[in-house]
file structure_26.cif (mmCIF, C-alpha atoms)
data_data
#
loop_
_atom_site.label_atom_id
_atom_site.label_comp_id
_atom_site.auth_asym_id
_atom_site.auth_seq_id
_atom_site.Cartn_x
_atom_site.Cartn_y
_atom_site.Cartn_z
CA MET A 725 37.71 25.05 76.63
CA THR A 726 38.33 28.76 76.95
CA ASP A 727 35.64 31.35 76.29
CA THR A 728 36.88 33.39 73.32
CA ALA A 729 33.87 35.73 73.51
CA LYS A 730 35.34 37.30 76.63
CA PRO A 731 38.59 39.26 76.74
CA PRO A 732 41.70 37.49 78.05
CA LEU A 733 42.73 37.89 81.67
CA ALA A 734 45.66 39.94 82.94
CA VAL A 735 46.45 38.60 86.41
CA PHE A 736 48.20 40.88 88.92
CA ASP A 737 49.76 40.17 92.28
CA LEU A 738 49.44 42.94 94.88
CA ASP A 739 52.28 43.06 97.40
CA ASN A 740 55.46 44.44 95.81
CA THR A 741 53.80 44.34 92.41
CA LEU A 742 51.12 47.03 92.78
CA SER A 743 51.70 48.08 96.40
CA ASP A 744 54.96 48.93 98.12
CA THR A 745 55.26 46.92 101.34
CA ALA A 746 58.60 48.41 102.44
CA HIS A 747 57.08 50.40 105.32
CA ARG A 748 55.63 47.24 106.89
CA GLN A 749 58.61 44.92 106.46
CA LYS A 750 59.62 45.73 110.04
CA TYR A 751 56.83 43.44 111.25
CA LEU A 752 58.43 40.48 109.45
CA GLU A 753 61.90 41.17 110.83
CA ARG A 754 60.74 40.49 114.39
CA ARG A 755 60.67 37.07 115.99
CA PRO A 756 58.00 35.97 116.16
CA ARG A 757 56.76 37.72 113.05
CA ASP A 758 53.82 40.06 113.70
CA TRP A 759 51.45 39.06 110.91
CA ASP A 760 48.46 40.94 112.32
CA ALA A 761 50.43 44.21 112.26
CA PHE A 762 51.89 43.42 108.83
CA PHE A 763 48.45 43.01 107.26
CA ALA A 764 46.87 45.83 109.30
CA ALA A 765 49.39 48.24 107.79
CA ALA A 766 48.58 47.24 104.18
CA PRO A 767 46.03 50.05 103.64
CA GLN A 768 48.91 52.54 104.00
CA ASP A 769 50.97 50.94 101.21
CA PRO A 770 51.96 53.48 98.58
CA PRO A 771 51.25 52.36 95.02
CA LEU A 772 54.11 51.24 92.79
CA PRO A 773 53.81 53.42 89.67
CA GLU A 774 55.23 50.79 87.30
CA GLY A 775 52.75 48.14 88.39
CA VAL A 776 49.77 50.50 88.48
CA ALA A 777 50.55 51.77 84.98
CA LEU A 778 50.83 48.22 83.67
CA ALA A 779 47.49 47.25 85.24
CA ARG A 780 45.76 50.28 83.72
CA GLU A 781 47.35 49.60 80.34
CA SER A 782 46.35 45.93 80.51
CA ALA A 783 42.73 46.90 81.21
CA GLU A 784 42.51 48.38 77.71
CA GLU A 785 42.51 44.90 76.12
CA CYS A 786 42.14 42.48 79.03
CA GLU A 787 39.97 41.87 82.02
CA VAL A 788 42.17 42.54 85.04
CA VAL A 789 42.00 40.18 88.01
CA TYR A 790 44.05 40.20 91.18
CA LEU A 791 45.74 37.13 92.63
CA THR A 792 47.24 37.67 96.05
CA GLY A 793 48.64 35.59 98.86
CA ARG A 794 46.96 37.91 101.36
CA PRO A 795 44.47 36.11 103.59
CA GLU A 796 40.74 36.48 103.00
CA ARG A 797 40.37 38.54 106.20
CA CYS A 798 42.13 41.39 104.33
CA ARG A 799 39.51 41.57 101.55
CA ARG A 800 37.80 44.83 102.58
CA ASP A 801 41.11 46.68 103.06
CA THR A 802 42.38 45.29 99.74
CA LEU A 803 39.29 46.32 97.78
CA ASP A 804 39.39 49.79 99.35
CA TRP A 805 43.11 50.15 98.49
CA LEU A 806 42.56 49.14 94.85
CA ALA A 807 39.71 51.65 94.48
CA ALA A 808 41.58 54.45 96.28
CA HIS A 809 44.47 54.14 93.84
CA GLY A 810 42.33 54.02 90.71
CA LEU A 811 43.16 50.46 89.73
CA PRO A 812 40.85 48.69 87.29
CA GLU A 813 37.92 46.87 88.81
CA GLY A 814 38.37 43.14 88.83
CA ARG A 815 37.84 39.99 90.79
CA VAL A 816 40.24 39.46 93.70
CA TYR A 817 41.47 35.96 94.50
CA MET A 818 42.83 35.58 98.04
CA ARG A 819 44.05 32.66 100.12
CA ARG A 820 41.85 31.19 102.83
CA ASN A 821 42.72 32.51 106.28
CA ASP A 822 44.08 29.12 107.33
CA ASP A 823 45.91 28.27 104.08
CA ARG A 824 49.66 28.15 104.66
CA ARG A 825 50.77 26.52 101.41
CA PRO A 826 53.58 28.28 99.54
CA ALA A 827 52.39 31.03 97.21
CA ARG A 828 53.71 29.18 94.17
CA HIS A 829 51.28 26.33 94.87
CA THR A 830 48.20 28.39 95.73
CA LYS A 831 48.64 30.83 92.86
CA LEU A 832 49.40 28.19 90.24
CA ALA A 833 46.29 26.24 91.25
CA ILE A 834 44.13 29.34 90.78
CA LEU A 835 45.80 30.19 87.45
CA ARG A 836 45.11 26.68 86.15
CA ARG A 837 41.50 26.89 87.28
CA LEU A 838 41.05 30.27 85.54
CA ALA A 839 42.72 28.94 82.37
CA ARG A 840 40.10 26.20 82.04
CA THR A 841 37.55 28.78 80.91
CA ARG A 842 39.53 31.91 80.03
CA GLU A 843 42.70 32.79 78.18
CA ILE A 844 45.38 34.07 80.54
CA HIS A 845 47.21 36.85 78.68
CA VAL A 846 49.78 37.51 81.40
CA LEU A 847 50.65 37.01 85.06
CA VAL A 848 52.48 39.91 86.75
CA ASP A 849 54.13 38.90 90.04
CA ASP A 850 57.25 39.68 92.08
CA ASP A 851 57.75 36.20 93.53
CA GLU A 852 60.42 34.43 91.47
CA LEU A 853 59.19 30.96 92.45
CA VAL A 854 55.63 31.80 91.41
CA CYS A 855 56.94 33.20 88.12
CA GLU A 856 59.13 30.17 87.42
CA ASP A 857 56.33 27.68 88.12
CA ALA A 858 53.85 29.69 86.04
CA GLU A 859 56.26 29.81 83.10
CA ARG A 860 56.86 26.05 83.36
CA ALA A 861 53.09 25.59 83.23
CA GLY A 862 52.98 27.59 79.98
CA PHE A 863 51.81 30.99 81.22
CA THR A 864 53.28 34.28 80.02
CA VAL A 865 54.88 36.09 82.95
CA VAL A 866 56.09 39.61 83.67
CA ARG A 867 58.40 39.73 86.67
CA ALA A 868 57.64 42.74 88.85
CA ARG A 869 61.14 43.84 89.74
CA TRP A 870 60.33 47.47 90.52
CA ALA A 871 59.98 47.11 94.32
CA THR A 872 62.81 46.80 96.80
CA PRO A 873 63.30 43.07 97.42
CA SER A 874 62.76 41.74 100.93
CA ALA A 875 64.34 38.51 102.15
CA ASP A 876 61.78 38.31 104.97
CA LEU A 877 58.87 38.64 102.56
CA LYS A 878 60.39 35.97 100.32
CA VAL A 879 60.57 33.55 103.26
CA ALA A 880 56.99 34.44 104.16
CA GLN A 881 55.80 33.70 100.64
CA GLU A 882 57.61 30.42 100.23
CA ARG A 883 58.07 28.78 103.62
CA GLU A 884 55.36 30.24 105.78
CA GLY A 885 52.51 30.56 103.28
CA ARG A 886 51.53 33.97 104.56
CA THR A 887 51.43 36.30 101.58
#
call {"tool": "encode", "arguments": {"input": "structure_26.cif", "output": "structure tokens"}}
result
Amino acid sequence: MTDTAKPPLAVFDLDNTLSDTAHRQKYLERRPRDWDAFFAAAPQDPPLPEGVALARESAEECEVVYLTGRPERCRRDTLDWLAAHGLPEGRVYMRRNDDRRPARHTKLAILRRLARTREIHVLVDDDELVCEDAERAGFTVVRARWATPSADLKVAQEREGRT
């Protein structure tokens, strides 16, 4: 049963939804992929104006939470990045450092858990497979199509369970 006394949740992905990862894609184009460098460069991500504006707008009527495929070891950098770019405060859900399940599985599991006690107003994500599965599960989705798509990031999200 959802708690109607609390505002609904607006759930936002980070990479290529709020932050532009284009400058660090080079680490995914290498073989083997350099995941440490990819995540170490995340604090330098420029914000994506469309996503940031939507998060700020959503905070007017919703509680904003962040749902990312980034590993837990990136928490401090992620929190600092959100604050530095004036994004609404909110809980950040991250994958365990050793969790390599596809993003569509990890994120949908967290959405379902959140929905047990809170209304989910919207999920905003760039990953098509996450969006499709969330819609099939009955969630309202906004597809973040404002970043430059990356085939390497898509593989990382789906097959390698890395982001």
call {"tool": "resolve_selection", "arguments": {"input": "structure_26.cif", "expression": "the PyMOL selection byres ((chain A and resi 795) around 12)", "output": "PyMOL selection string"}}
result
chain A and resi 759-760+762-764+766+791-794+796-802+816-825+827+830+881+885-887
call {"tool": "residues_around", "arguments": {"input": "structure_26.cif", "residues": "Leu835 of chain A", "least_positions_apart": "3", "cutoff": "9 Å", "atoms": "only C-alpha atoms", "output": "list in words"}}
result
Val735, Leu791, Thr830, Lys831, Leu832, Leu838, Ala839, Arg840, Ile844, Leu847, Ala858 and Phe863 of chain A
call {"tool": "atom_distance", "arguments": {"input": "structure_26.cif", "atom1": "atom CA of Thr745 of chain A", "atom2": "atom CA of Leu853 of chain A"}}
result
18.7 Å
call {"tool": "atom_distance", "arguments": {"input": "structure_26.cif", "atom1": "atom CA of Leu752 of chain A", "atom2": "atom CA of Ala807 of chain A"}}
result
26.4 Å
call {"tool": "resolve_selection", "arguments": {"input": "structure_26.cif", "expression": "the PyMOL selection byres ((chain A and resi 734) around 12)", "output": "PyMOL selection string"}}
result
chain A and resi 731-733+735-737+778-791+812-815+835+838-839+842-849+863-866
call {"tool": "resolve_selection", "arguments": {"input": "structure_26.cif", "expression": "the PyMOL selection byres ((chain A and resi 747) around 10)", "output": "ChimeraX atom specification"}}
result
/A:744-746,748-751,762,765-766,768-770
call {"tool": "atom_distance", "arguments": {"input": "structure_26.cif", "atom1": "atom CA of Pro826 of chain A", "atom2": "atom CA of Thr872 of chain A"}}
result
20.9 Å
call {"tool": "axis_aligned_box", "arguments": {"input": "structure_26.cif", "around": "segment 827-837 of chain A", "padding_each_side": "5 Å", "output": "lines of an AutoDock Vina configuration file"}}
result
center_x = 47.6
center_y = 28.6
center_z = 91.7
size_x = 22.2
size_y = 14.8
size_z = 21.1
call {"tool": "closest_residue", "arguments": {"input": "structure_26.cif", "among": "A:Ala875, A:Leu742, A:Ala729, A:Ala868", "to": "Gly810 of chain A", "atoms": "all atoms listed in the file"}}
result
A:Leu742
call {"tool": "build_atoms", "arguments": {"input": "structure_26.cif", "residues": "segment 846-857 of chain A", "atoms": "all heavy atoms", "output": "PDB file, keeping the file's coordinate frame"}}
result
ATOM      1  N   VAL A 846      48.532  37.282  80.674  1.00  0.00           N
ATOM      2  CA  VAL A 846      49.780  37.510  81.400  1.00  0.00           C
ATOM      3  C   VAL A 846      49.538  37.387  82.901  1.00  0.00           C
ATOM      4  O   VAL A 846      48.446  37.657  83.393  1.00  0.00           O
ATOM      5  CB  VAL A 846      50.368  38.902  81.068  1.00  0.00           C
ATOM      6  CG1 VAL A 846      49.498  40.030  81.616  1.00  0.00           C
ATOM      7  CG2 VAL A 846      51.799  39.036  81.559  1.00  0.00           C
ATOM      8  N   LEU A 847      50.579  36.955  83.600  1.00  0.00           N
ATOM      9  CA  LEU A 847      50.650  37.010  85.060  1.00  0.00           C
ATOM     10  C   LEU A 847      51.752  37.997  85.397  1.00  0.00           C
ATOM     11  O   LEU A 847      52.864  37.892  84.860  1.00  0.00           O
ATOM     12  CB  LEU A 847      50.992  35.643  85.663  1.00  0.00           C
ATOM     13  CG  LEU A 847      51.419  35.670  87.143  1.00  0.00           C
ATOM     14  CD1 LEU A 847      50.238  36.044  88.043  1.00  0.00           C
ATOM     15  CD2 LEU A 847      52.016  34.334  87.550  1.00  0.00           C
ATOM     16  N   VAL A 848      51.475  38.948  86.290  1.00  0.00           N
ATOM     17  CA  VAL A 848      52.480  39.910  86.750  1.00  0.00           C
ATOM     18  C   VAL A 848      52.669  39.676  88.243  1.00  0.00           C
ATOM     19  O   VAL A 848      51.722  39.830  89.023  1.00  0.00           O
ATOM     20  CB  VAL A 848      52.045  41.366  86.476  1.00  0.00           C
ATOM     21  CG1 VAL A 848      53.144  42.335  86.892  1.00  0.00           C
ATOM     22  CG2 VAL A 848      51.673  41.548  85.007  1.00  0.00           C
ATOM     23  N   ASP A 849      53.880  39.276  88.643  1.00  0.00           N
ATOM     24  CA  ASP A 849      54.130  38.900  90.040  1.00  0.00           C
ATOM     25  C   ASP A 849      55.599  39.188  90.362  1.00  0.00           C
ATOM     26  O   ASP A 849      56.456  39.131  89.481  1.00  0.00           O
ATOM     27  CB  ASP A 849      53.819  37.416  90.239  1.00  0.00           C
ATOM     28  CG  ASP A 849      53.524  37.047  91.671  1.00  0.00           C
ATOM     29  OD1 ASP A 849      54.407  37.257  92.541  1.00  0.00           O
ATOM     30  OD2 ASP A 849      52.424  36.549  91.939  1.00  0.00           O
ATOM     31  N   ASP A 850      55.873  39.440  91.642  1.00  0.00           N
ATOM     32  CA  ASP A 850      57.250  39.680  92.080  1.00  0.00           C
ATOM     33  C   ASP A 850      57.938  38.440  92.608  1.00  0.00           C
ATOM     34  O   ASP A 850      59.156  38.419  92.756  1.00  0.00           O
ATOM     35  CB  ASP A 850      57.284  40.766  93.176  1.00  0.00           C
ATOM     36  CG  ASP A 850      56.687  40.281  94.472  1.00  0.00           C
ATOM     37  OD1 ASP A 850      55.539  39.812  94.473  1.00  0.00           O
ATOM     38  OD2 ASP A 850      57.371  40.377  95.518  1.00  0.00           O
ATOM     39  N   ASP A 851      57.195  37.407  92.912  1.00  0.00           N
ATOM     40  CA  ASP A 851      57.750  36.200  93.530  1.00  0.00           C
ATOM     41  C   ASP A 851      58.376  35.324  92.439  1.00  0.00           C
ATOM     42  O   ASP A 851      57.676  34.770  91.584  1.00  0.00           O
ATOM     43  CB  ASP A 851      56.627  35.458  94.255  1.00  0.00           C
ATOM     44  CG  ASP A 851      57.098  34.248  95.028  1.00  0.00           C
ATOM     45  OD1 ASP A 851      58.047  33.560  94.584  1.00  0.00           O
ATOM     46  OD2 ASP A 851      56.495  33.950  96.077  1.00  0.00           O
ATOM     47  N   GLU A 852      59.697  35.194  92.491  1.00  0.00           N
ATOM     48  CA  GLU A 852      60.420  34.430  91.470  1.00  0.00           C
ATOM     49  C   GLU A 852      59.929  32.987  91.353  1.00  0.00           C
ATOM     50  O   GLU A 852      59.840  32.444  90.254  1.00  0.00           O
ATOM     51  CB  GLU A 852      61.925  34.443  91.738  1.00  0.00           C
ATOM     52  CG  GLU A 852      62.603  35.729  91.327  1.00  0.00           C
ATOM     53  CD  GLU A 852      62.550  35.992  89.825  1.00  0.00           C
ATOM     54  OE1 GLU A 852      62.655  35.045  89.022  1.00  0.00           O
ATOM     55  OE2 GLU A 852      62.404  37.174  89.459  1.00  0.00           O
ATOM     56  N   LEU A 853      59.642  32.353  92.490  1.00  0.00           N
ATOM     57  CA  LEU A 853      59.190  30.960  92.450  1.00  0.00           C
ATOM     58  C   LEU A 853      57.813  30.835  91.800  1.00  0.00           C
ATOM     59  O   LEU A 853      57.555  29.899  91.048  1.00  0.00           O
ATOM     60  CB  LEU A 853      59.209  30.350  93.845  1.00  0.00           C
ATOM     61  CG  LEU A 853      60.606  30.239  94.470  1.00  0.00           C
ATOM     62  CD1 LEU A 853      60.511  29.782  95.921  1.00  0.00           C
ATOM     63  CD2 LEU A 853      61.502  29.318  93.665  1.00  0.00           C
ATOM     64  N   VAL A 854      56.931  31.780  92.067  1.00  0.00           N
ATOM     65  CA  VAL A 854      55.630  31.800  91.410  1.00  0.00           C
ATOM     66  C   VAL A 854      55.829  31.978  89.905  1.00  0.00           C
ATOM     67  O   VAL A 854      55.234  31.266  89.092  1.00  0.00           O
ATOM     68  CB  VAL A 854      54.727  32.932  91.972  1.00  0.00           C
ATOM     69  CG1 VAL A 854      53.484  33.128  91.116  1.00  0.00           C
ATOM     70  CG2 VAL A 854      54.335  32.642  93.420  1.00  0.00           C
ATOM     71  N   CYS A 855      56.687  32.932  89.541  1.00  0.00           N
ATOM     72  CA  CYS A 855      56.940  33.200  88.120  1.00  0.00           C
ATOM     73  C   CYS A 855      57.523  31.979  87.416  1.00  0.00           C
ATOM     74  O   CYS A 855      57.079  31.621  86.313  1.00  0.00           O
ATOM     75  CB  CYS A 855      57.871  34.402  87.980  1.00  0.00           C
ATOM     76  SG  CYS A 855      57.131  35.966  88.504  1.00  0.00           S
ATOM     77  N   GLU A 856      58.509  31.346  88.039  1.00  0.00           N
ATOM     78  CA  GLU A 856      59.130  30.170  87.420  1.00  0.00           C
ATOM     79  C   GLU A 856      58.122  29.046  87.225  1.00  0.00           C
ATOM     80  O   GLU A 856      58.069  28.425  86.151  1.00  0.00           O
ATOM     81  CB  GLU A 856      60.288  29.674  88.291  1.00  0.00           C
ATOM     82  CG  GLU A 856      61.489  30.587  88.270  1.00  0.00           C
ATOM     83  CD  GLU A 856      62.530  30.245  89.327  1.00  0.00           C
ATOM     84  OE1 GLU A 856      62.396  29.190  90.002  1.00  0.00           O
ATOM     85  OE2 GLU A 856      63.479  31.033  89.485  1.00  0.00           O
ATOM     86  N   ASP A 857      57.311  28.752  88.240  1.00  0.00           N
ATOM     87  CA  ASP A 857      56.330  27.680  88.120  1.00  0.00           C
ATOM     88  C   ASP A 857      55.262  28.018  87.071  1.00  0.00           C
ATOM     89  O   ASP A 857      54.827  27.143  86.318  1.00  0.00           O
ATOM     90  CB  ASP A 857      55.669  27.389  89.473  1.00  0.00           C
ATOM     91  CG  ASP A 857      56.569  26.575  90.392  1.00  0.00           C
ATOM     92  OD1 ASP A 857      57.718  26.258  90.006  1.00  0.00           O
ATOM     93  OD2 ASP A 857      56.111  26.247  91.508  1.00  0.00           O
TER      94      ASP A 857
END
